[in-house]
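See structure below.
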Amino acid sequence: MQYEGYTPLSIPGGMFSTADLLTEDRLLGSPAINLNHAVQRVLADGTRATGVECYDLLARQQRTYRADKVVLCAGTIESAKIALQSGLDDPDNLIGRGITDHPVLYTHFSIPAGSPWAPARSSAKVWSRHRDTSAGAHPYNVVLELGADFNQGRYIDPDNLRRHREEKGDATLGEIVFLFHAPLVAGNRVELSGPPHLPVRVNVQPYPIGDALRDEVQSLGKHVLDGFGAQPIAGETLDLTTAKLGGVAHEVGTLRMNGVVDADLRFRAYDNLYACDNSVFPTSPAANPTLTLAALSLRLARHLTSL
Ligand SMILES: Cc1cc2nc3c(=O)[nH]c(=O)nc-3n(C[C@H](O)[C@H](O)[C@H](O)COP(=O)(O)OP(=O)(O)OC[C@H]3O[C@@H](n4cnc5c(N)ncnc54)[C@H](O)[C@@H]3O)c2cc1C
């Protein structure tokens, strides 16, 4: 967790951990929950998970916890790592395979002070999608953000921001982002590189979106930005740029639904072992993933308490 934003009014980076946000208040409750455990392995007896083995980072000692249901929710890479370290039964050999993050094209822009689209102290975020959603014809969503400097500055390089302000004064900053749907990429994988304390190897190639689609969104982006009288930020252009792999942080698919886990998020080879994080997504959707993940978590919670 990092509680300081990149600019004075921006959202702090590192505040996006679903598990942390949902359980943080329990740290103060009674009994308090010690979240500071690094899980290393799921323990199993045949088709039943019996608990987890982990390292207590506060007491600095190994611990074993027993449970009648186990849910892996350490994120797309770490859950796959734990599953691989545990040597879980994997009928289709899909654990760790397919990891994908959707392609994202974006650009920043500014709108001159005095424009009706550039009020000084407000911001707006607008989601759109193509009218024609048939047969994956236009598989992307568009996020248009006006006043991005007011509520988030994570993509703005501080030097660019300073130069921009020096040259252009009080203009409003904006961002346009195209997020594409992407199937899992078969050759991508998370692999163990040794014992639990070593990092995993992550081998990821981006999903290719093709020139026709790239040209389509470049032209759409230009149309929208022309409509707002958008100008390039000093040192940048209005052409859409492809976000670097790893920069989007929506990676999915290492414990995919209908492959490793079933539609109820239960590992297919186990009676009482589940996964609930972005690893279970069977594709990388064109929308940001977290609301869908929150819905899956609520559904799994209901399922588990009804057993
Ligand atoms: C800068 C940034 C901005 C983002 N913006 C958005 C956005 O606007 N909208 C959106 O939908 N998504 C956004 N995301 C993505 C969002 O953060 C993820 O989709 C979401 O957090 C994934 O949830 P998760 O439960 O899969 O993993 P996480 O939230 O990463 O949770 C995994 C948890 O497991 C813990 N853990 C890891 N390993 C172990 C272990 N061995 N033992 C015990 N615990 C472990 C971690 O500490 C963490 O708490 C953003 C991400 C970033 C980085």
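Order determines the names: the first chain of the structure tokens is A, the second B, and so forth; residues in each chain are numbered 1 upward, and ligands are numbered 1 upward as they are shown.
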
Tell me, counting only C-alpha atoms, for each residue of segment 200-270 of chain A within 12 Å of segment 288-306 of chain A, which pair of atoms is nearest and how far apart they are in Å to one decimal, in rows ordered by chain and increasing number, as CSV.
```
residue,atom,partner,partner_atom,distance
A:Val248,CA,A:Asn288,CA,9.6
A:Ala249,CA,A:Asn288,CA,9.8
A:His250,CA,A:Pro289,CA,6.7
A:Glu251,CA,A:Pro289,CA,9.1
A:Val252,CA,A:Pro289,CA,8.9
A:Gly253,CA,A:Pro289,CA,11.7
A:Met257,CA,A:Leu296,CA,11.4
A:Asp262,CA,A:Leu300,CA,11.8
A:Ala263,CA,A:Leu296,CA,10.0
A:Asp264,CA,A:Leu300,CA,6.9
A:Leu265,CA,A:Leu300,CA,7.4
A:Arg266,CA,A:Leu300,CA,9.4
```

For the selection you just gave me, I'd like the residues written to a file as a PDB file, in the first residue's frame, keeping C-alpha atoms.
```pdb
ATOM      1  CA  VAL A 248      -2.216  -1.846 -17.230  1.00  0.00           C
ATOM      2  CA  ALA A 249      -2.210  -4.249 -14.245  1.00  0.00           C
ATOM      3  CA  HIS A 250      -5.332  -6.170 -15.336  1.00  0.00           C
ATOM      4  CA  GLU A 251      -3.594  -9.499 -15.969  1.00  0.00           C
ATOM      5  CA  VAL A 252      -5.876 -12.538 -15.802  1.00  0.00           C
ATOM      6  CA  GLY A 253      -6.268 -16.186 -16.654  1.00  0.00           C
ATOM      7  CA  MET A 257     -12.785 -20.753 -15.250  1.00  0.00           C
ATOM      8  CA  ASP A 262     -15.412 -24.592 -12.646  1.00  0.00           C
ATOM      9  CA  ALA A 263     -18.154 -21.963 -12.962  1.00  0.00           C
ATOM     10  CA  ASP A 264     -18.475 -21.962  -9.125  1.00  0.00           C
ATOM     11  CA  LEU A 265     -14.711 -21.187  -8.903  1.00  0.00           C
ATOM     12  CA  ARG A 266     -13.985 -24.629  -7.422  1.00  0.00           C
TER      13      ARG A 266
END
```

### Query
How would you write, as a ChimeraX atom specification, the set of residues in segment 61-209 of chain A that DSSP gives as strand (DSSP E or B)?
/A:61-66,70-72,97,100,104-111,124-129,140-146,172-180,182-183,189-191,201-203

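Among the candidates A:Thr64, A:Thr76, A:Asn34, A:Ser110, the residue lying nearest to ligand 1 is A:Thr76 (atoms considered: only C-alpha atoms and all ligand atoms).
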
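Contact shell of Cys73 of chain A at 7 Å (only C-alpha atoms; same-chain neighbours under 6 positions omitted): A:Ser79, A:Ala275, A:Cys276, A:Asp277.
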
### Task
Find the residues near Arg41 of chain A: any atom within 8 Å, counting only C-alpha atoms, skip ones fewer than 6 places away on the same chain, and give them as a list in words.
Val52, Glu53, Cys54, Ile82, Ala83, Gln85 and Ser86 of chain A

Which residues are close to Pro195 of chain A, i.e. within 10 Å by only C-alpha atoms, leaving aside same-chain residues fewer than 3 positions away? Reply as a PDB file with N, CA and C atoms, in the first residue's frame.
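This went into selection26.pdb:
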```pdb
ATOM      1  N   GLN A  40       2.403 -20.394   1.291  1.00  0.00           N
ATOM      2  CA  GLN A  40       3.349 -21.075   0.392  1.00  0.00           C
ATOM      3  C   GLN A  40       2.715 -22.259  -0.313  1.00  0.00           C
ATOM      4  N   GLN A  85       3.305 -24.526  -6.583  1.00  0.00           N
ATOM      5  CA  GLN A  85       4.135 -25.002  -5.471  1.00  0.00           C
ATOM      6  C   GLN A  85       3.470 -26.149  -4.721  1.00  0.00           C
ATOM      7  N   LEU A 192       7.393 -21.873 -12.064  1.00  0.00           N
ATOM      8  CA  LEU A 192       8.258 -21.845 -10.886  1.00  0.00           C
ATOM      9  C   LEU A 192       9.711 -21.760 -11.330  1.00  0.00           C
ATOM     10  N   LEU A 198      11.887 -17.942  -4.059  1.00  0.00           N
ATOM     11  CA  LEU A 198      12.340 -17.373  -5.341  1.00  0.00           C
ATOM     12  C   LEU A 198      11.139 -16.852  -6.135  1.00  0.00           C
ATOM     13  N   PRO A 199      11.342 -15.744  -6.895  1.00  0.00           N
ATOM     14  CA  PRO A 199      10.230 -15.255  -7.712  1.00  0.00           C
ATOM     15  C   PRO A 199       9.917 -16.238  -8.841  1.00  0.00           C
ATOM     16  N   VAL A 200       8.677 -16.176  -9.343  1.00  0.00           N
ATOM     17  CA  VAL A 200       8.326 -17.026 -10.486  1.00  0.00           C
ATOM     18  C   VAL A 200       8.833 -16.382 -11.772  1.00  0.00           C
TER      19      VAL A 200
END
```

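The residue that comes closest to Pro112 of chain A, out of A:Gly96, A:Pro139, A:Gly75, A:Gly147 and on the basis of only C-alpha atoms, is A:Gly147.
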
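Rounded to one decimal, atom CA of Pro196 of chain A and atom CA of Glu78 of chain A lie 10.8 Å from each other.
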
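Nearest residue to ligand 1 among A:Leu255, A:Ala269, A:Ala137, A:Leu28 is A:Leu255, counting only C-alpha atoms and all ligand atoms.
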
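We find atom CA of Phe178 of chain A and atom 30 (O, counted along the ligand's line) of ligand 1 to be spaced 22.9 Å apart.
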
Using only C-alpha atoms, which residues sit within 12 Å of Val261 of chain A once same-chain residues fewer than 6 positions away are excluded, as a PDB file with N, CA and C atoms, in the first residue's frame?
```
ATOM      1  N   VAL A  71      -9.805 -20.940  -0.015  1.00  0.00           N
ATOM      2  CA  VAL A  71      -9.973 -20.088  -1.200  1.00  0.00           C
ATOM      3  C   VAL A  71      -8.636 -19.417  -1.494  1.00  0.00           C
ATOM      4  N   LEU A  72      -8.080 -19.655  -2.669  1.00  0.00           N
ATOM      5  CA  LEU A  72      -6.855 -18.962  -3.078  1.00  0.00           C
ATOM      6  C   LEU A  72      -7.243 -17.613  -3.666  1.00  0.00           C
ATOM      7  N   ALA A  83      -0.472 -22.455  -6.354  1.00  0.00           N
ATOM      8  CA  ALA A  83      -1.045 -23.696  -6.905  1.00  0.00           C
ATOM      9  C   ALA A  83       0.063 -24.588  -7.458  1.00  0.00           C
ATOM     10  N   LEU A  88      -0.741 -29.118  -7.184  1.00  0.00           N
ATOM     11  CA  LEU A  88      -2.159 -29.485  -7.240  1.00  0.00           C
ATOM     12  C   LEU A  88      -2.454 -30.322  -8.485  1.00  0.00           C
ATOM     13  N   ASP A  89      -3.432 -31.195  -8.335  1.00  0.00           N
ATOM     14  CA  ASP A  89      -3.870 -31.992  -9.471  1.00  0.00           C
ATOM     15  C   ASP A  89      -4.500 -31.041 -10.494  1.00  0.00           C
ATOM     16  N   ASP A  90      -4.078 -31.165 -11.755  1.00  0.00           N
ATOM     17  CA  ASP A  90      -4.465 -30.189 -12.785  1.00  0.00           C
ATOM     18  C   ASP A  90      -4.780 -30.970 -14.061  1.00  0.00           C
ATOM     19  N   PRO A  91      -6.026 -31.488 -14.166  1.00  0.00           N
ATOM     20  CA  PRO A  91      -6.347 -32.453 -15.225  1.00  0.00           C
ATOM     21  C   PRO A  91      -5.952 -31.981 -16.626  1.00  0.00           C
ATOM     22  N   ASP A  92      -6.121 -30.695 -16.936  1.00  0.00           N
ATOM     23  CA  ASP A  92      -5.822 -30.232 -18.304  1.00  0.00           C
ATOM     24  C   ASP A  92      -4.487 -29.496 -18.392  1.00  0.00           C
ATOM     25  N   ASN A  93      -3.693 -29.559 -17.329  1.00  0.00           N
ATOM     26  CA  ASN A  93      -2.371 -28.920 -17.339  1.00  0.00           C
ATOM     27  C   ASN A  93      -2.474 -27.429 -17.727  1.00  0.00           C
ATOM     28  N   LEU A  94      -3.377 -26.702 -17.060  1.00  0.00           N
ATOM     29  CA  LEU A  94      -3.600 -25.296 -17.425  1.00  0.00           C
ATOM     30  C   LEU A  94      -3.194 -24.316 -16.328  1.00  0.00           C
ATOM     31  N   ILE A  95      -2.764 -24.819 -15.152  1.00  0.00           N
ATOM     32  CA  ILE A  95      -2.382 -23.885 -14.086  1.00  0.00           C
ATOM     33  C   ILE A  95      -1.189 -23.046 -14.549  1.00  0.00           C
ATOM     34  N   GLY A 253      -6.207 -14.950 -15.889  1.00  0.00           N
ATOM     35  CA  GLY A 253      -6.268 -16.186 -16.654  1.00  0.00           C
ATOM     36  C   GLY A 253      -5.413 -17.363 -16.230  1.00  0.00           C
ATOM     37  N   THR A 254      -4.637 -17.271 -15.129  1.00  0.00           N
ATOM     38  CA  THR A 254      -3.735 -18.377 -14.781  1.00  0.00           C
ATOM     39  C   THR A 254      -4.453 -19.561 -14.117  1.00  0.00           C
ATOM     40  N   LEU A 255      -5.683 -19.321 -13.619  1.00  0.00           N
ATOM     41  CA  LEU A 255      -6.491 -20.426 -13.057  1.00  0.00           C
ATOM     42  C   LEU A 255      -7.876 -20.335 -13.700  1.00  0.00           C
ATOM     43  N   PHE A 267     -11.784 -25.619  -7.765  1.00  0.00           N
ATOM     44  CA  PHE A 267     -10.804 -26.388  -8.543  1.00  0.00           C
ATOM     45  C   PHE A 267     -11.462 -27.702  -8.963  1.00  0.00           C
ATOM     46  N   ARG A 268     -11.367 -28.011 -10.251  1.00  0.00           N
ATOM     47  CA  ARG A 268     -12.118 -29.160 -10.769  1.00  0.00           C
ATOM     48  C   ARG A 268     -11.695 -30.465 -10.109  1.00  0.00           C
ATOM     49  N   ALA A 269     -10.428 -30.537  -9.676  1.00  0.00           N
ATOM     50  CA  ALA A 269      -9.955 -31.806  -9.112  1.00  0.00           C
ATOM     51  C   ALA A 269     -10.146 -31.892  -7.591  1.00  0.00           C
ATOM     52  N   TYR A 270     -10.779 -30.885  -6.977  1.00  0.00           N
ATOM     53  CA  TYR A 270     -10.907 -30.866  -5.501  1.00  0.00           C
ATOM     54  C   TYR A 270     -12.352 -30.560  -5.097  1.00  0.00           C
ATOM     55  N   ASP A 271     -12.716 -31.064  -3.913  1.00  0.00           N
ATOM     56  CA  ASP A 271     -14.100 -30.891  -3.433  1.00  0.00           C
ATOM     57  C   ASP A 271     -14.310 -29.543  -2.758  1.00  0.00           C
ATOM     58  N   ASN A 272     -13.255 -28.972  -2.164  1.00  0.00           N
ATOM     59  CA  ASN A 272     -13.452 -27.818  -1.273  1.00  0.00           C
ATOM     60  C   ASN A 272     -12.347 -26.760  -1.437  1.00  0.00           C
ATOM     61  N   LEU A 273     -11.732 -26.728  -2.613  1.00  0.00           N
ATOM     62  CA  LEU A 273     -10.674 -25.742  -2.881  1.00  0.00           C
ATOM     63  C   LEU A 273     -11.146 -24.812  -3.995  1.00  0.00           C
ATOM     64  N   TYR A 274     -11.067 -23.494  -3.731  1.00  0.00           N
ATOM     65  CA  TYR A 274     -11.601 -22.496  -4.666  1.00  0.00           C
ATOM     66  C   TYR A 274     -10.527 -21.462  -4.993  1.00  0.00           C
ATOM     67  N   ALA A 275     -10.758 -20.699  -6.068  1.00  0.00           N
ATOM     68  CA  ALA A 275      -9.910 -19.537  -6.366  1.00  0.00           C
ATOM     69  C   ALA A 275     -10.839 -18.352  -6.568  1.00  0.00           C
ATOM     70  N   CYS A 276     -10.412 -17.182  -6.103  1.00  0.00           N
ATOM     71  CA  CYS A 276     -11.251 -16.004  -6.308  1.00  0.00           C
ATOM     72  C   CYS A 276     -10.368 -14.762  -6.430  1.00  0.00           C
ATOM     73  N   ASP A 277      -9.849 -14.556  -7.606  1.00  0.00           N
ATOM     74  CA  ASP A 277      -9.115 -13.336  -7.950  1.00  0.00           C
ATOM     75  C   ASP A 277      -9.101 -13.262  -9.471  1.00  0.00           C
ATOM     76  N   SER A 279      -7.212 -14.362 -11.534  1.00  0.00           N
ATOM     77  CA  SER A 279      -6.704 -15.561 -12.215  1.00  0.00           C
ATOM     78  C   SER A 279      -7.826 -16.377 -12.837  1.00  0.00           C
ATOM     79  N   VAL A 280      -9.066 -16.248 -12.328  1.00  0.00           N
ATOM     80  CA  VAL A 280     -10.142 -17.129 -12.812  1.00  0.00           C
ATOM     81  C   VAL A 280     -10.798 -16.627 -14.105  1.00  0.00           C
ATOM     82  N   PHE A 281     -10.464 -15.401 -14.535  1.00  0.00           N
ATOM     83  CA  PHE A 281     -11.100 -14.881 -15.758  1.00  0.00           C
ATOM     84  C   PHE A 281     -10.713 -15.761 -16.954  1.00  0.00           C
ATOM     85  N   PRO A 282     -11.704 -16.172 -17.756  1.00  0.00           N
ATOM     86  CA  PRO A 282     -11.388 -17.007 -18.919  1.00  0.00           C
ATOM     87  C   PRO A 282     -10.942 -16.200 -20.135  1.00  0.00           C
TER      88      PRO A 282
END
```

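Among the candidate residues A:His130, A:His138, A:His197, A:Lys69, the one lying nearest to ligand 1 is A:His197, with distances computed using only C-alpha atoms and all ligand atoms.
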
### Message
Here is a test: counting only C-alpha atoms and all ligand atoms, which residue of A:Lys125, A:Arg131, A:His108, A:Arg189 is nearest to ligand 1?
### Response
A:Lys125

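Here atom CA of Ser193 of chain A and atom CA of Val260 of chain A stand 21.2 Å from one another.
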
### Message
I need the residues of segment 40-284 of chain A that end up classed as alpha helix (DSSP H) by DSSP on the backbone, written out as a PyMOL selection string.
### Response
chain A and resi 76-85+148-151+158-168+211-227

#### Entry: Who sits within 7 Å of Ala286 of chain A, only C-alpha atoms, same chain under 6 positions skipped, as a PyMOL selection string
chain A and resi 139-141+179-181

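Using only C-alpha atoms, the smallest distance between any of A:Gly46, A:Gly29, A:Gly246, A:Gly174 and Ala230 of chain A comes from A:Gly174.
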